[in-house]
Amino acid sequence: MPFYNYECVSCNNKFEAFHAVNDVLNTCTKCGEQTIKKVPSVITATVRDTQRQQAGDRVKEAIEENRRLLLDAMDHNKRDHKP
Ligand SMILES: [Zn+2]
């Protein structure tokens with residue numbers, strides 16, 4: 001299901017909703033007023049999610065790399081101490 005951003009004109013509540021393309025959400029989740037408008041940010045949200053995913057992958061890679069280097073260093077130390 002697609003992802004939509006909504007903004008309430010009445011209380012400025014910004015919220016996200018998942019619903020079918022043909023469905024229309026018109027009630028604010030906070031104040032219950034039917035004064036919300038759809039914010040066209042579906043593409044932006046998708047890009048942001050992709051970037052977050054990539055950033056997460058990069059962090060994971062960095063952690064893996066550090067662990068490898070640490071294990072390597074420990075290996076060398078062991079060898080140095082036990083000739
Ligand atoms: Zn509202």
# chains A, B, ... in the order shown; residues from 1 in each chain; ligands from 1

$ closest_atom_pairs --of "chain A" --to "ligand 1" --cutoff "12 Å" --atoms "only C-alpha atoms and all ligand atoms" --output "JSON lines"
{"residue": "A:Tyr6", "atom": "CA", "partner": "ligand 1", "partner_atom_place_in_ligand_line": "1 (Zn)", "distance": 10.1}
{"residue": "A:Glu7", "atom": "CA", "partner": "ligand 1", "partner_atom_place_in_ligand_line": "1 (Zn)", "distance": 7.8}
{"residue": "A:Cys8", "atom": "CA", "partner": "ligand 1", "partner_atom_place_in_ligand_line": "1 (Zn)", "distance": 4.6}
{"residue": "A:Val9", "atom": "CA", "partner": "ligand 1", "partner_atom_place_in_ligand_line": "1 (Zn)", "distance": 6.7}
{"residue": "A:Ser10", "atom": "CA", "partner": "ligand 1", "partner_atom_place_in_ligand_line": "1 (Zn)", "distance": 5.0}
{"residue": "A:Cys11", "atom": "CA", "partner": "ligand 1", "partner_atom_place_in_ligand_line": "1 (Zn)", "distance": 4.2}
{"residue": "A:Asn12", "atom": "CA", "partner": "ligand 1", "partner_atom_place_in_ligand_line": "1 (Zn)", "distance": 6.1}
{"residue": "A:Asn13", "atom": "CA", "partner": "ligand 1", "partner_atom_place_in_ligand_line": "1 (Zn)", "distance": 5.3}
{"residue": "A:Lys14", "atom": "CA", "partner": "ligand 1", "partner_atom_place_in_ligand_line": "1 (Zn)", "distance": 8.3}
{"residue": "A:Phe15", "atom": "CA", "partner": "ligand 1", "partner_atom_place_in_ligand_line": "1 (Zn)", "distance": 9.8}
{"residue": "A:Asn26", "atom": "CA", "partner": "ligand 1", "partner_atom_place_in_ligand_line": "1 (Zn)", "distance": 10.3}
{"residue": "A:Thr27", "atom": "CA", "partner": "ligand 1", "partner_atom_place_in_ligand_line": "1 (Zn)", "distance": 7.8}
{"residue": "A:Cys28", "atom": "CA", "partner": "ligand 1", "partner_atom_place_in_ligand_line": "1 (Zn)", "distance": 4.6}
{"residue": "A:Thr29", "atom": "CA", "partner": "ligand 1", "partner_atom_place_in_ligand_line": "1 (Zn)", "distance": 6.6}
{"residue": "A:Lys30", "atom": "CA", "partner": "ligand 1", "partner_atom_place_in_ligand_line": "1 (Zn)", "distance": 5.1}
{"residue": "A:Cys31", "atom": "CA", "partner": "ligand 1", "partner_atom_place_in_ligand_line": "1 (Zn)", "distance": 4.1}
{"residue": "A:Gly32", "atom": "CA", "partner": "ligand 1", "partner_atom_place_in_ligand_line": "1 (Zn)", "distance": 6.0}
{"residue": "A:Glu33", "atom": "CA", "partner": "ligand 1", "partner_atom_place_in_ligand_line": "1 (Zn)", "distance": 5.6}
{"residue": "A:Gln34", "atom": "CA", "partner": "ligand 1", "partner_atom_place_in_ligand_line": "1 (Zn)", "distance": 7.8}
{"residue": "A:Thr35", "atom": "CA", "partner": "ligand 1", "partner_atom_place_in_ligand_line": "1 (Zn)", "distance": 7.0}
{"residue": "A:Ile36", "atom": "CA", "partner": "ligand 1", "partner_atom_place_in_ligand_line": "1 (Zn)", "distance": 7.0}
{"residue": "A:Lys37", "atom": "CA", "partner": "ligand 1", "partner_atom_place_in_ligand_line": "1 (Zn)", "distance": 10.4}

$ select_by_dssp --residues "chain A" --states "strand (DSSP E or B)" --output "PyMOL selection string"
chain A and resi 3-8+14-18+36-39

$ atom_distance --atom1 "atom CA of Pro2 of chain A" --atom2 "atom CA of Ala20 of chain A"
6.5 Å

$ atom_distance --atom1 "atom CA of Leu71 of chain A" --atom2 "atom CA of Gly56 of chain A"
22.6 Å
